[in-house]
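Peer 1: Provided below: run_3.txt, containing compact mmCIF, C-alpha atoms.
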```txt
# COMPACT_ATOMS: atom_id res chain seq x y z
CA ILE C 23 -115.31 -76.41 61.75
CA ASN C 24 -114.31 -78.48 58.74
CA HIS C 25 -117.81 -79.95 58.25
CA LEU C 26 -119.55 -76.61 58.65
CA GLY C 27 -117.15 -74.90 56.23
CA ASN C 28 -117.87 -77.56 53.62
CA GLN C 29 -121.62 -77.23 54.07
CA LEU C 30 -121.63 -73.43 53.88
CA GLU C 31 -119.45 -73.32 50.77
CA LYS C 32 -121.11 -76.12 48.85
CA ARG C 33 -124.74 -75.84 49.91
CA PHE C 34 -125.38 -72.30 51.18
CA PHE C 35 -122.98 -69.79 49.59
CA THR C 36 -123.28 -71.31 46.13
CA HIS C 37 -122.16 -69.62 42.91
CA GLU C 38 -125.71 -68.40 42.39
CA LYS C 39 -125.50 -66.35 45.58
CA ARG C 40 -122.25 -64.56 44.76
CA LEU C 41 -124.01 -61.29 44.04
CA ILE C 42 -125.95 -61.08 47.32
CA GLN C 43 -124.84 -58.42 49.78
CA TYR C 44 -123.80 -60.85 52.52
CA TYR C 45 -121.96 -63.39 50.35
CA LEU C 46 -118.89 -64.96 52.03
CA ASP C 47 -115.82 -66.13 50.13
CA PHE C 48 -113.59 -69.07 51.10
CA ASP C 49 -111.46 -67.17 53.65
CA GLN C 50 -114.46 -65.47 55.22
CA ILE C 51 -116.24 -68.81 55.60
CA GLY C 52 -113.14 -70.15 57.33
CA THR C 53 -113.03 -67.21 59.75
CA LEU C 54 -116.74 -67.52 60.53
CA CYS C 55 -116.44 -71.26 61.16
CA PHE C 56 -113.52 -70.80 63.54
CA ASN C 57 -115.53 -68.17 65.43
CA LEU C 58 -118.53 -70.49 65.65
CA GLY C 59 -116.26 -73.38 66.69
CA ASP C 60 -114.79 -71.36 69.57
CA GLU C 61 -118.22 -70.25 70.79
CA PHE C 62 -119.65 -73.78 70.45
CA GLU C 63 -116.77 -75.23 72.47
CA PHE C 64 -117.21 -72.62 75.19
CA PHE C 65 -120.97 -73.27 75.28
CA LEU C 66 -120.50 -77.03 75.66
CA GLN C 67 -117.93 -76.63 78.42
CA GLU C 68 -119.93 -74.08 80.39
CA ASN C 69 -123.43 -75.49 79.92
CA CYS C 70 -123.44 -79.15 78.92
CA LEU C 71 -120.38 -81.18 79.85
CA GLY C 72 -120.59 -81.82 83.55
CA SER C 73 -122.74 -78.93 84.77
CA CYS C 74 -126.07 -80.11 83.31
CA ASN C 75 -127.57 -83.57 83.78
CA LEU C 76 -129.86 -83.41 80.76
CA ASN C 77 -127.04 -84.74 78.54
CA CYS C 78 -128.69 -83.33 75.39
CA PRO C 79 -125.65 -83.48 73.03
CA ARG C 80 -125.16 -87.21 73.66
CA ASP C 81 -128.86 -88.09 73.79
CA LEU C 82 -130.55 -86.05 71.06
CA ASP C 83 -133.47 -88.41 70.41
CA SER C 84 -134.79 -88.63 73.98
CA VAL C 85 -137.46 -86.51 75.61
CA ILE C 86 -136.93 -84.63 78.86
CA ASP C 87 -138.42 -86.75 81.64
CA LEU C 88 -138.81 -84.66 84.80
CA LYS C 89 -139.36 -87.83 86.82
CA THR C 90 -135.77 -88.91 86.30
CA VAL C 91 -134.03 -85.57 85.78
CA LYS C 92 -133.76 -82.75 88.29
CA LEU C 93 -133.29 -79.32 86.73
CA ASP C 94 -131.95 -76.17 88.30
CA GLU C 95 -134.13 -73.06 88.39
CA LYS C 96 -132.75 -71.62 85.16
CA HIS C 97 -133.43 -74.77 83.12
CA SER C 98 -136.82 -75.33 84.76
CA ARG C 99 -138.00 -71.88 83.70
CA LYS C 100 -136.72 -72.43 80.18
CA LEU C 101 -138.43 -75.81 79.93
CA ALA C 102 -141.72 -74.39 81.20
CA LEU C 103 -141.56 -71.64 78.58
CA ILE C 104 -140.95 -74.15 75.78
CA GLN C 105 -143.73 -76.46 76.96
CA ALA C 106 -146.20 -73.56 76.87
CA PHE C 107 -145.86 -73.61 73.06
CA LEU C 108 -145.90 -77.39 72.60
CA SER C 109 -148.64 -79.95 73.05
CA ASN C 110 -146.28 -82.86 73.69
CA GLU C 111 -143.07 -83.54 75.61
CA VAL C 112 -139.93 -81.58 74.85
CA GLU C 113 -137.22 -83.43 72.96
CA LYS C 114 -133.64 -82.88 74.02
CA GLU C 115 -132.75 -81.90 70.47
CA GLN C 116 -135.32 -79.07 70.60
CA PHE C 117 -133.91 -77.91 73.92
CA LEU C 118 -130.35 -77.91 72.55
CA ARG C 119 -131.34 -76.18 69.31
CA ILE C 120 -132.85 -73.25 71.21
CA ASP C 121 -129.66 -72.79 73.24
CA LEU C 122 -127.45 -73.10 70.16
CA MET C 123 -129.41 -70.41 68.37
CA ASN C 124 -129.57 -68.02 71.34
CA TYR C 125 -126.11 -68.47 72.85
CA VAL C 126 -123.87 -69.50 69.96
CA ILE C 127 -125.11 -68.82 66.44
CA LEU C 128 -127.00 -65.51 66.38
CA ASP C 129 -124.51 -63.58 68.54
CA THR C 130 -121.54 -64.94 66.56
CA LEU C 131 -123.12 -64.04 63.21
CA ILE C 132 -124.07 -60.53 64.30
CA GLN C 133 -120.55 -59.87 65.65
CA PHE C 134 -118.89 -61.41 62.57
CA TYR C 135 -120.81 -59.28 60.04
CA SER C 136 -120.22 -56.21 62.18
CA GLU C 137 -116.44 -56.78 62.25
CA GLU C 138 -115.98 -58.05 58.69
CA PHE C 139 -118.54 -55.96 56.77
CA GLN C 140 -119.32 -53.12 59.19
CA VAL C 141 -122.97 -54.19 58.80
CA GLU C 142 -125.30 -54.22 61.78
CA LEU C 143 -127.68 -57.14 61.27
CA SER C 144 -130.81 -57.06 63.40
CA GLU C 145 -132.25 -60.23 64.91
CA ASP C 146 -135.32 -59.99 62.67
CA ASP C 147 -133.23 -59.89 59.46
CA LEU C 148 -134.50 -62.59 57.08
CA PHE C 149 -131.03 -63.46 55.72
CA LEU C 150 -129.64 -63.73 59.26
CA HIS C 151 -132.27 -66.28 60.23
CA GLU C 152 -131.88 -68.24 57.01
CA LEU C 153 -128.12 -68.52 57.57
CA ALA C 154 -128.51 -69.21 61.30
CA GLU C 155 -130.98 -72.05 60.72
CA PHE C 156 -128.68 -73.59 58.11
CA ILE C 157 -125.78 -73.49 60.57
CA GLU C 158 -127.93 -74.95 63.34
CA ASP C 159 -129.01 -77.84 61.09
CA SER C 160 -125.38 -78.47 60.05
CA ILE C 161 -124.18 -78.62 63.66
CA ILE C 162 -126.93 -81.02 64.69
CA GLU C 163 -126.29 -83.12 61.56
CA PHE C 164 -122.60 -83.41 62.42
CA MET C 165 -123.37 -84.28 66.04
CA ARG C 166 -125.61 -87.13 64.87
CA LEU C 167 -123.27 -88.50 62.19
CA GLU C 168 -119.80 -88.04 63.65
CA GLY C 169 -119.97 -86.18 66.95
CA GLN C 170 -121.01 -88.92 69.34
CA SER C 171 -117.61 -90.62 69.57
CA LEU C 172 -116.00 -87.24 70.23
CA LEU C 173 -118.62 -86.20 72.79
CA HIS C 174 -117.96 -89.29 74.88
CA LYS C 175 -114.36 -88.15 75.43
CA PRO C 176 -114.82 -84.37 75.24
CA PHE C 177 -111.77 -83.36 77.25
CA ASP C 178 -109.23 -85.43 75.31
CA THR C 179 -106.70 -83.45 73.34
CA ALA C 180 -107.65 -82.80 69.72
CA ILE C 181 -104.06 -83.00 68.46
CA GLU C 182 -104.40 -86.53 67.06
CA TYR C 183 -107.59 -85.51 65.24
CA PHE C 184 -105.86 -82.42 63.83
CA GLU C 185 -102.89 -84.49 62.69
CA GLU C 186 -105.20 -86.93 60.92
CA LEU C 187 -106.83 -84.05 59.04
CA LEU C 188 -103.45 -82.58 58.15
CA GLN C 189 -102.19 -85.95 56.93
CA ASN C 190 -105.22 -86.27 54.67
CA GLU C 191 -104.42 -82.81 53.32
CA VAL C 192 -100.82 -83.80 52.59
CA GLU C 193 -101.94 -86.95 50.80
CA GLU C 194 -104.38 -85.00 48.65
CA GLU C 195 -102.38 -81.80 48.15
CA SER C 196 -103.85 -81.13 44.75
CA GLU C 197 -107.37 -80.91 46.14
CA ASN C 198 -109.02 -78.46 48.49
CA ASP C 199 -112.08 -79.82 50.31
CA TRP C 200 -113.74 -76.43 50.41
CA GLN C 201 -113.08 -75.39 46.82
CA GLU C 202 -114.45 -76.40 43.47
CA SER C 203 -113.19 -75.68 39.99
CA GLY C 204 -114.02 -72.27 38.56
CA ASP C 205 -112.98 -68.83 39.68
CA PHE C 206 -111.73 -69.91 43.09
CA PHE C 207 -108.09 -69.46 44.09
CA GLU C 208 -105.83 -72.41 43.27
CA PRO C 209 -102.87 -72.63 45.72
CA GLU C 210 -99.42 -72.26 44.27
CA SER C 211 -97.18 -75.31 44.32
CA PRO C 212 -94.71 -75.21 47.23
CA LYS C 213 -91.25 -74.13 46.13
CA GLU C 214 -88.50 -76.70 45.64
CA GLU C 215 -85.50 -76.79 47.99
CA TRP C 216 -83.17 -75.21 45.44
CA GLN C 217 -85.43 -72.17 45.19
CA LYS C 218 -84.93 -71.24 48.84
CA PHE C 219 -82.71 -68.27 49.60
CA ILE C 220 -82.54 -65.39 52.06
CA VAL C 221 -85.85 -63.55 52.25
CA ALA C 222 -86.34 -60.71 54.72
CA PRO C 223 -89.42 -61.15 56.96
CA ASP C 224 -90.56 -57.58 56.18
CA GLU C 225 -90.75 -58.51 52.51
CA VAL C 226 -92.87 -61.56 53.33
CA PHE C 227 -95.29 -59.61 55.52
CA THR C 228 -95.68 -56.99 52.78
CA ARG C 229 -96.45 -59.66 50.21
CA PHE C 230 -98.86 -61.39 52.60
CA LEU C 231 -100.84 -58.20 53.25
CA SER C 232 -100.98 -57.33 49.56
CA ASP C 233 -102.25 -60.77 48.50
CA GLN C 234 -106.04 -60.50 48.30
CA ARG C 235 -106.40 -64.27 48.56
CA TYR C 236 -105.17 -64.00 52.16
CA SER C 237 -105.84 -60.33 52.85
CA PRO C 238 -109.06 -59.21 51.12
CA VAL C 239 -109.33 -55.45 50.75
CA GLU C 240 -112.08 -55.13 53.36
CA GLN C 241 -109.93 -57.00 55.93
CA VAL C 242 -106.50 -55.49 55.30
CA SER C 243 -106.71 -52.87 58.05
CA ALA C 244 -107.70 -55.34 60.78
CA LEU C 245 -105.33 -58.03 59.52
CA THR C 246 -102.43 -55.56 59.40
CA TYR C 247 -102.98 -54.79 63.07
CA ASP C 248 -103.46 -58.43 64.09
CA ILE C 249 -100.30 -59.64 62.35
CA SER C 250 -98.24 -56.62 63.52
CA PHE C 251 -97.56 -58.36 66.86
CA LEU C 252 -95.80 -61.28 65.14
CA LYS C 253 -93.99 -58.91 62.77
CA LYS C 254 -92.72 -56.84 65.70
CA TYR C 255 -91.66 -59.95 67.63
CA LEU C 256 -89.62 -61.33 64.72
CA ALA C 257 -87.94 -57.99 64.05
CA GLU C 258 -87.24 -56.72 67.57
CA HIS C 259 -87.22 -59.74 69.87
CA ALA C 260 -86.16 -62.71 67.73
CA GLN C 261 -84.17 -60.46 65.35
CA LEU C 262 -84.91 -62.83 62.50
CA ASP C 263 -83.17 -61.86 59.23
CA ASN C 264 -84.36 -64.72 57.04
CA ILE C 265 -87.93 -66.05 56.92
CA TYR C 266 -86.53 -69.55 56.25
CA ASP C 267 -85.10 -69.52 59.78
CA LEU C 268 -88.61 -69.26 61.23
CA SER C 269 -89.41 -72.33 63.36
CA ASP C 270 -91.93 -73.63 65.87
CA TYR C 271 -89.53 -72.32 68.59
CA HIS C 272 -90.38 -68.78 67.52
CA LEU C 273 -94.13 -69.46 67.46
CA ARG C 274 -94.03 -71.00 70.94
CA GLU C 275 -92.04 -68.09 72.35
CA PHE C 276 -94.27 -65.57 70.59
CA PHE C 277 -97.56 -66.92 71.94
CA SER C 278 -96.54 -68.19 75.38
CA PHE C 279 -94.05 -65.51 76.42
CA TYR C 280 -93.97 -62.44 74.19
CA LEU C 281 -97.73 -61.82 74.01
CA VAL C 282 -98.09 -62.15 77.78
CA LYS C 283 -95.73 -59.21 78.22
CA GLU C 284 -97.35 -57.26 75.37
CA PHE C 285 -100.82 -57.46 76.93
CA ILE C 286 -99.97 -56.55 80.51
CA LEU C 287 -102.58 -53.98 81.64
CA SER C 288 -104.35 -54.41 78.28
CA ASP C 289 -107.53 -56.24 77.34
CA PRO C 290 -106.57 -59.66 75.86
CA LYS C 291 -109.69 -59.83 73.68
CA GLN C 292 -107.38 -59.32 70.68
CA ILE C 293 -105.69 -62.68 71.26
CA PRO C 294 -108.19 -64.80 69.22
CA HIS C 295 -107.74 -62.39 66.29
CA ILE C 296 -103.95 -62.77 66.54
CA PHE C 297 -104.33 -66.56 66.48
CA ARG C 298 -106.50 -66.38 63.36
CA ALA C 299 -104.18 -63.92 61.58
CA THR C 300 -101.18 -66.14 62.37
CA ALA C 301 -103.02 -69.22 61.09
CA ARG C 302 -103.61 -67.43 57.80
CA PHE C 303 -99.95 -66.32 57.69
CA VAL C 304 -98.74 -69.89 58.37
CA THR C 305 -100.87 -71.12 55.44
CA PHE C 306 -99.42 -68.34 53.26
CA LEU C 307 -95.86 -69.40 54.21
CA TYR C 308 -96.54 -72.99 53.23
CA GLN C 309 -98.12 -72.15 49.88
CA ASN C 310 -95.54 -69.54 48.86
CA TYR C 311 -92.28 -70.49 50.61
CA ASN C 312 -92.71 -74.20 51.42
CA ILE C 313 -92.31 -73.43 55.13
CA ASN C 314 -94.61 -75.97 56.78
CA LEU C 315 -95.44 -75.02 60.38
CA LYS C 316 -99.13 -75.98 60.24
CA ARG C 317 -98.95 -78.96 62.56
CA GLU C 318 -96.77 -77.10 65.07
CA PHE C 319 -99.09 -74.10 65.01
CA LEU C 320 -102.15 -76.27 65.67
CA LYS C 321 -100.44 -77.81 68.71
CA ILE C 322 -99.67 -74.36 70.07
CA TYR C 323 -103.22 -73.20 69.40
CA GLU C 324 -104.68 -76.25 71.13
CA ALA C 325 -102.50 -75.67 74.22
CA LEU C 326 -102.91 -71.90 74.51
CA LYS C 327 -106.22 -70.83 72.96
CA THR C 328 -107.81 -70.42 76.42
CA ASN C 329 -104.76 -70.57 78.72
CA LEU C 330 -103.07 -67.54 77.17
CA ILE C 331 -106.05 -65.29 77.83
CA ARG C 332 -106.47 -66.78 81.31
CA VAL C 333 -102.91 -66.01 82.50
CA ILE C 334 -103.02 -62.50 81.07
CA GLU C 335 -106.32 -61.84 82.84
CA ALA C 336 -104.89 -63.27 86.07
CA THR C 337 -101.82 -61.01 85.88
CA ASN C 338 -103.92 -57.94 85.15
CA GLN C 339 -106.36 -58.80 87.92
CA PHE C 340 -103.48 -59.04 90.41
CA LEU C 341 -102.00 -55.73 89.26
CA SER C 342 -105.39 -54.00 89.65
CA GLU C 343 -105.56 -55.12 93.31
CA TYR C 344 -101.88 -54.73 94.12
CA ASP C 345 -101.10 -52.23 96.92
CA LEU C 346 -97.70 -50.78 96.05
CA LEU C 347 -97.40 -48.81 99.31
CA GLU C 348 -97.99 -51.88 101.45
CA ALA C 349 -95.48 -53.84 99.39
CA LEU C 350 -92.82 -51.14 99.82
CA LEU C 351 -93.36 -51.04 103.58
CA SER C 352 -93.14 -54.83 103.85
CA GLY C 353 -90.16 -55.16 101.56
CA ASN C 354 -88.11 -52.37 103.15
CA SER C 355 -88.01 -54.02 106.56
CA SER C 356 -84.46 -55.22 107.20
CA GLU C 357 -85.82 -58.20 109.12
CA THR C 358 -88.05 -59.44 106.30
CA GLU C 359 -86.65 -62.38 104.35
CA GLN C 360 -87.58 -62.27 100.68
CA ILE C 361 -86.94 -64.17 97.48
CA SER C 362 -87.35 -63.00 93.88
CA GLY C 363 -87.44 -65.64 91.21
CA ILE C 364 -89.35 -67.75 88.74
CA PHE C 365 -91.63 -70.38 90.22
CA GLU C 366 -93.71 -73.18 88.77
CA ILE C 367 -97.03 -73.84 90.48
CA ALA C 368 -96.77 -77.51 91.44
CA GLN C 369 -100.11 -77.70 93.22
CA ILE C 370 -103.02 -75.50 94.27
CA LYS C 371 -104.80 -76.39 97.49
CA ALA C 372 -108.42 -77.13 96.60
CA ASP C 373 -109.96 -75.71 99.78
CA ASN C 374 -109.34 -72.01 99.12
CA ASN C 375 -107.23 -71.70 95.93
CA GLN C 376 -104.87 -69.40 97.85
CA ASP C 377 -102.26 -71.85 99.17
CA LEU C 378 -99.76 -72.74 96.46
CA ASP C 379 -96.94 -75.27 96.35
CA LEU C 380 -94.16 -73.67 94.31
CA ILE C 381 -90.96 -74.96 92.73
CA ASP C 382 -88.13 -72.47 92.28
CA ILE C 383 -87.08 -73.13 88.67
CA GLN C 384 -83.60 -71.66 89.14
CA PHE C 385 -82.58 -73.44 92.35
CA LEU C 386 -85.02 -76.37 92.07
CA HIS C 387 -86.18 -76.24 95.68
CA ARG C 388 -89.82 -76.48 96.73
CA LEU C 389 -91.87 -74.12 98.87
CA ASP C 390 -95.17 -75.56 100.09
CA GLY C 391 -98.20 -73.63 101.33
CA VAL C 392 -97.23 -70.24 99.91
CA LEU C 393 -100.08 -67.79 100.49
CA PHE C 394 -101.45 -65.83 97.54
CA ASN C 395 -104.23 -63.76 99.03
CA TYR C 396 -105.63 -62.19 95.85
CA SER C 397 -108.76 -62.90 93.80
CA ALA C 398 -106.51 -63.69 90.81
CA ALA C 399 -105.73 -66.99 92.58
CA ARG C 400 -108.97 -68.41 91.16
CA LYS C 401 -107.54 -68.13 87.64
CA LEU C 402 -104.29 -69.95 88.41
CA ARG C 403 -103.63 -73.55 87.36
CA ALA C 404 -100.98 -76.12 88.24
CA GLY C 405 -98.15 -75.78 85.73
CA ASP C 406 -98.40 -71.99 85.43
CA ILE C 407 -95.12 -70.09 85.80
CA VAL C 408 -95.01 -66.97 88.00
CA GLN C 409 -92.26 -64.38 88.08
CA ALA C 410 -92.69 -63.12 91.62
CA THR C 411 -91.27 -61.83 94.90
CA LEU C 412 -91.99 -63.85 98.06
CA ILE C 413 -91.63 -62.66 101.65
CA ASN C 414 -91.43 -64.64 104.86
CA GLU C 415 -93.68 -63.51 107.68
CA ASN C 416 -93.93 -65.50 110.91
CA ASP C 417 -92.17 -68.48 109.30
CA SER C 418 -94.71 -68.58 106.44
CA TRP C 419 -94.09 -67.57 102.85
CA LYS C 420 -96.50 -65.43 100.88
CA ILE C 421 -96.44 -63.87 97.42
CA ALA C 422 -95.87 -60.16 97.85
CA GLU C 423 -95.57 -59.16 94.21
CA ILE C 424 -96.06 -60.73 90.79
CA GLN C 425 -94.47 -59.32 87.65
CA TYR C 426 -95.90 -61.87 85.20
CA ILE C 427 -97.87 -65.10 85.04
CA PHE C 428 -97.00 -67.33 82.08
CA PRO C 429 -98.50 -70.57 80.73
CA ALA C 430 -96.39 -73.72 81.20
CA MET C 431 -95.17 -73.58 77.58
CA ALA C 432 -93.23 -70.39 78.34
CA ARG C 433 -90.81 -72.06 80.76
CA PRO C 434 -87.83 -72.31 78.33
CA PHE C 435 -88.12 -68.63 77.42
CA ILE C 436 -88.29 -66.98 80.85
CA ARG C 437 -85.22 -65.30 82.24
CA LEU C 438 -84.88 -63.10 85.32
CA GLN C 439 -84.64 -59.46 84.31
```
Just give me the structure as structure tokens.

Peer 2:
Amino acid sequence: INHLGNQLEKRFFTHEKRLIQYYLDFDQIGTLCFNLGDEFEFFLQENCLGSCNLNCPRDLDSVIDLKTVKLDEKHSRKLALIQAFLSNEVEKEQFLRIDLMNYVILDTLIQFYSEEFQVELSEDDLFLHELAEFIEDSIIEFMRLEGQSLLHKPFDTAIEYFEELLQNEVEEESENDWQESGDFFEPESPKEEWQKFIVAPDEVFTRFLSDQRYSPVEQVSALTYDISFLKKYLAEHAQLDNIYDLSDYHLREFFSFYLVKEFILSDPKQIPHIFRATARFVTFLYQNYNINLKREFLKIYEALKTNLIRVIEATNQFLSEYDLLEALLSGNSSETEQISGIFEIAQIKADNNQDLDLIDIQFLHRLDGVLFNYSAARKLRAGDIVQATLINENDSWKIAEIQYIFPAMARPFIRLQ
């Protein structure tokens, strides 16, 4: 993300291009790069790391040797199509470039310009292809120069890498890697301790949304909606009166607990937009109020960027299949033993994903082999927290009803209603 942002700002969207229709400013480049980064990560996880034996990202300079590599039907057809246009063997870099363009770059660019500019770019647009090819070259360049060490431990946490980048930023506060001198925005110096006083959160949100450096006119409407969830949480749930009381506790509760409840029976596709709006707001707080939550926010983002959507989808999937009448009949039997509580998933049996070992968080006793006979079981992970009702039938426990499924981070914030 960092490398691509630098390349786009310094080599593609130069000062000479500021008058073109599709010019992107600093904030827009940042948003685009985060979108591309998310899609690239998803592509690598789903298509390259573990599920494909070509190993293209780690072996860019090799050719595809069918004598040593067995391909599935999908990749075989793709390879045959590529070879029809080439006179020699297919290099792994060529193979990867085609997938990057088709599954990561073009779709992301088309969606980005549609959301940010309300412009529908077609796949034969000359500018679109010029930008897409530049991005493709930048990604491959980074993979060659710096990506190999990261690709050999792809599932390690990125927190240490983030912290290193943030430390570099602190040490060079007066510089911005993506900005050059000229008409670009120069961040304000953080306020000194003596300048801090009581500032109402509503006042801060108003200032944030009126600052075109963080809320450009064409993005204000979408950003107002995206940040409204945090604004509502601070006002109604946390009841925060002073922005200087904002802490990582609030951010963790907001993302891991509050948003889960907000998106019950709703499509969680808005979650990535809320993350991006909050990231921009956190930067605004640091530059204008000397409230530094950047490192804490990145840790939360790293832990929840996929898990938050997953648990919301799992809860909604359960509720869509839930038979209320059957539950009422089962629960109303005077002979049926039942427990309502908050349970941590200690283990999921690998054979069918439907037998769960649960730990009752309130009474700290363990229930092994609890049946959860719903398709949502496939989305559950060890460490998830479920607020549920269990019933005992024939000396075996099963989950009869789930109110919520939370990520592990939400544990300190969950209370029985």

Peer 1: Rounded to one decimal place, report the CA of Ile23 (chain C)-CA of Asp47 (chain C) distance in Å.

Peer 2: 15.5 Å

Peer 1: Env of region 292-302 of chain C: 8 Å cut, atoms = all atoms listed in the file, seq-sep filter 6 positions within chain, self excluded. Answer as an MDAnalysis selection string.

Peer 2: chainID C and resid 53 236 245 248:249 251:252 316 319 323 327 331

Peer 1: Would you put the residues from that selection into a file with C-alpha atoms, as a JSON list (two decimals), in the frame of the given file?

Peer 2:
```json
[["chain", "number", "residue", "atom", "x", "y", "z"],
["C", 53, "THR", "CA", -113.03, -67.21, 59.75],
["C", 236, "TYR", "CA", -105.17, -64.00, 52.16],
["C", 245, "LEU", "CA", -105.33, -58.03, 59.52],
["C", 248, "ASP", "CA", -103.46, -58.43, 64.09],
["C", 249, "ILE", "CA", -100.30, -59.64, 62.35],
["C", 251, "PHE", "CA", -97.56, -58.36, 66.86],
["C", 252, "LEU", "CA", -95.80, -61.28, 65.14],
["C", 316, "LYS", "CA", -99.13, -75.98, 60.24],
["C", 319, "PHE", "CA", -99.09, -74.10, 65.01],
["C", 323, "TYR", "CA", -103.22, -73.20, 69.40],
["C", 327, "LYS", "CA", -106.22, -70.83, 72.96],
["C", 331, "ILE", "CA", -106.05, -65.29, 77.83]]
```

Peer 1: Tell me, as a list in words, which residues lie within 12 Å of Asp121 (chain C), counting all atoms listed in the file; anything in the same chain fewer than 4 positions away does not count.

Peer 2: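 Here the answer would be Glu61, Phe62, Phe65, Leu66, Asn69, Cys70, Cys78, Pro79, His97, Lys100, Leu101, Ile104, Lys114, Glu115, Gln116, Phe117, Tyr125, Val126, Ile127, Leu128, Asp129 and Glu158 of chain C.
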
Peer 1: One decimal, Å: what's the distance from CA of Ser144 (chain C) over to CA of Gln43 (chain C), could you say?

Peer 2: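 Spanning CA of Ser144 (chain C) to CA of Gln43 (chain C) is a straight-line distance of 14.9 Å.
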
Peer 1: Quick one: of C:Glu318, C:Glu275, C:Glu142, C:Asp417, who's nearest to Pro429 (chain C), counting only C-alpha atoms?

Peer 2: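 Among the listed residues, C:Glu275 lies closest to Pro429 (chain C).
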
Peer 1: Using all atoms listed in the file, which residue out of C:Asp224, C:Arg229, C:Val239, C:Leu173 lies closest to Glu258 (chain C)?

Peer 2: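 Between C:Asp224, C:Arg229, C:Val239, C:Leu173, the residue approaching Glu258 (chain C) most closely is C:Asp224.
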
Peer 1: Just the number, please: distance in Å from CA of Ile322 (chain C) to CA of Val408 (chain C), one decimal.

Peer 2: 19.9 Å
